[in-house]
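One structure below.
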Amino acid sequence: MTDETPRFRLGFLTHVQGRGGDLARTYRDAQELFVAADELGFDVGWVAQHHVTRGGGGLSSPWPFLAHAAARTTRIRLGTVITILPLEDPVRLAEDVATVDLLSGGRVEIGVGSGAAAAEYAALGKDFDRRRELTSENLHVLRTALANGEVGAAGFRIQPAAGGFGDRIWQGVFSGSGAQYAAAGGSNLLLNRAAYGFDAPTDEVQRPWADAFLAAWDRPRRPRIGLSRFVFPAKDKRTALRQIGDDVHRAALRMAESGSFPRGLDREEALRRFHSFHGAPEEIVTALRREQVLPVATDLITQFNPAVPDHDAAIRALELIATEVAPALGWKPRAATAAEPATEPAGV
């Protein structure tokens with residue numbers, strides 16, 4: 001960091017979803033979000049990987065998508081939250097990551113995790129019951145490959161050679177022990193927008209996980225915590241609810257079918273379960289200032305999922321996040337070039 005005042009990074013996450021079944025338009029609209037975020041000064045644009053369609057699309061191949069986004073942007077960093085690591089060949093994945101990183105001028109971040117959909121494992125011939133073990137095995141190979149070590153066969157190293165990924169690998173976790181495991185391996189921590197299977201508010205559940213991660217961290221570099229949150233600013237709460245309310249309610253009812261949420265939730269409780277920050281920018285700022293994990297986060301990752309707002313409303317929400325919400329929390333856009341190295345931000 002060169003700033004005298006510590007700075008957190010602002011990100012946005014898209015699950016690449018749309019309406020009406022026109023995936024070409026859905027993908028184009030998602031690319032436009034990256035272009036808009038780049039122009040607004042967002043630090044990182046993230047995508048989520050899903051092999052099973054979830055409510056209007058989903059992105060199965062994030063690295064070709066991010067390569068295209070790299071060609072259309074100049075400074076925003078590009079990452080995955082998450083790549084489902086057990087379903088990937090870690091050597092091939094490392095080659096894709098290194099290629100996009102080279103083409104983008106060193107702007108790639110990679111977040112990995114085990115995923116949660118048994119159907120995806122079945123479709124790709126992997127054992128869902130071994131997902132945590134497979135994640136650990138593949139992460140070791142991925143780290144080695146991105147450190148330009150030998151993988152797969154004697155003398156084999158990936159090409160293009162990777163550069164400086166020691167602080168650009170993130171791990172999504174859903175427990176305190178998972179957070180400690182991420183710290184032990186030197187991964188940055190990713191926390192989801194909602195804590196499934198808990199009745200308590202998401203930030204109350206996740207703050208001990210973040211504290212466990214920080215307590216277990218023993219690397220010389222500063223620990224990094226990426227906090228994903230559902231943030232949708234609009235003119236007022238009524239306008240926001242018109243764009244997101246029904247989608248969030250339907251998503252909560254789907255989550256109830258798998259046991260992640262209780263059955264029979266109304267819309268208000270669905271919004272609470274997804275830890276939603278929505279309404280006028282000043283309302284969101286007030287609520288975020290009470291968020292318990294945010295003070296130790298180094299990256300605030302905003303997303304609209306599970307809502308699928310109209311494209312114009314999504315662009316406007318990004319504008320409000322970058323110009324009103326994040327600045328009120330202390331964020332400032334950084335003048336940067338495509339070759340800017342990864343930063344080590346402090347907490348929000």
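Every chain in the structure tokens takes a letter, A first, then B, and so on in the order presented; its residues are numbered from 1, and the ligands are numbered from 1 following the presented order.
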Subject >> Those in stretch 62-242 of chain A with helix (DSSP H, G or I) from DSSP, as an MDAnalysis selection string >> reply: chainID A and resid 62:72 85:87 90:104 118:123 128:146 176:185 202:216 237:242
Original post:
Which residues, written as a PyMOL selection string, have at least one atom at most 10 Å from stretch 249-255 of chain A, with only C-alpha atoms counted and residues fewer than 6 positions away on the same chain left out?
Top reply: chain A and resi 54-55+196-197+261-271+273-274+305-307
Subject >> Selection: 8 Å around A:Thr135, only C-alpha atoms, excl. self and same-chain fewer than 6 positions, as number ranges by chain >> reply: A: 85-86, 113-114
Subject >> Closest of A:Gly57, A:Ala48, A:Gly111, A:Ala37 to A:Ala317 - atom-to-atom distances counting only C-alpha atoms >> reply: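 Of A:Gly57, A:Ala48, A:Gly111, A:Ala37, the one nearest A:Ala317, counting only C-alpha atoms, is A:Ala37.
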Original post:
For A:Ala322, which residue out of A:Ala118, A:Ala195, A:Val231, A:Val100 is the nearest one, using only C-alpha atoms?
Top reply: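 Counting only C-alpha atoms, the residue closest to A:Ala322 is A:Val231.
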Subject >> Contact residues around A:Leu10 with only C-alpha atoms at 7 Å, ignoring same-chain residues under 2 positions, as a list of chain:residue names >> reply: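 In the requested form, the answer reads A:Phe8, A:Phe42, A:Asp43, A:Val44, A:Asp299, A:Leu300, A:Ile301.
Atom CA of A:Val308 lies 26.4 Å from atom CA of A:Leu87.
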Subject >> Atomic separation - atom CA of A:Glu204 relative to atom CA of A:Glu319, Å >> reply: 28.9 Å
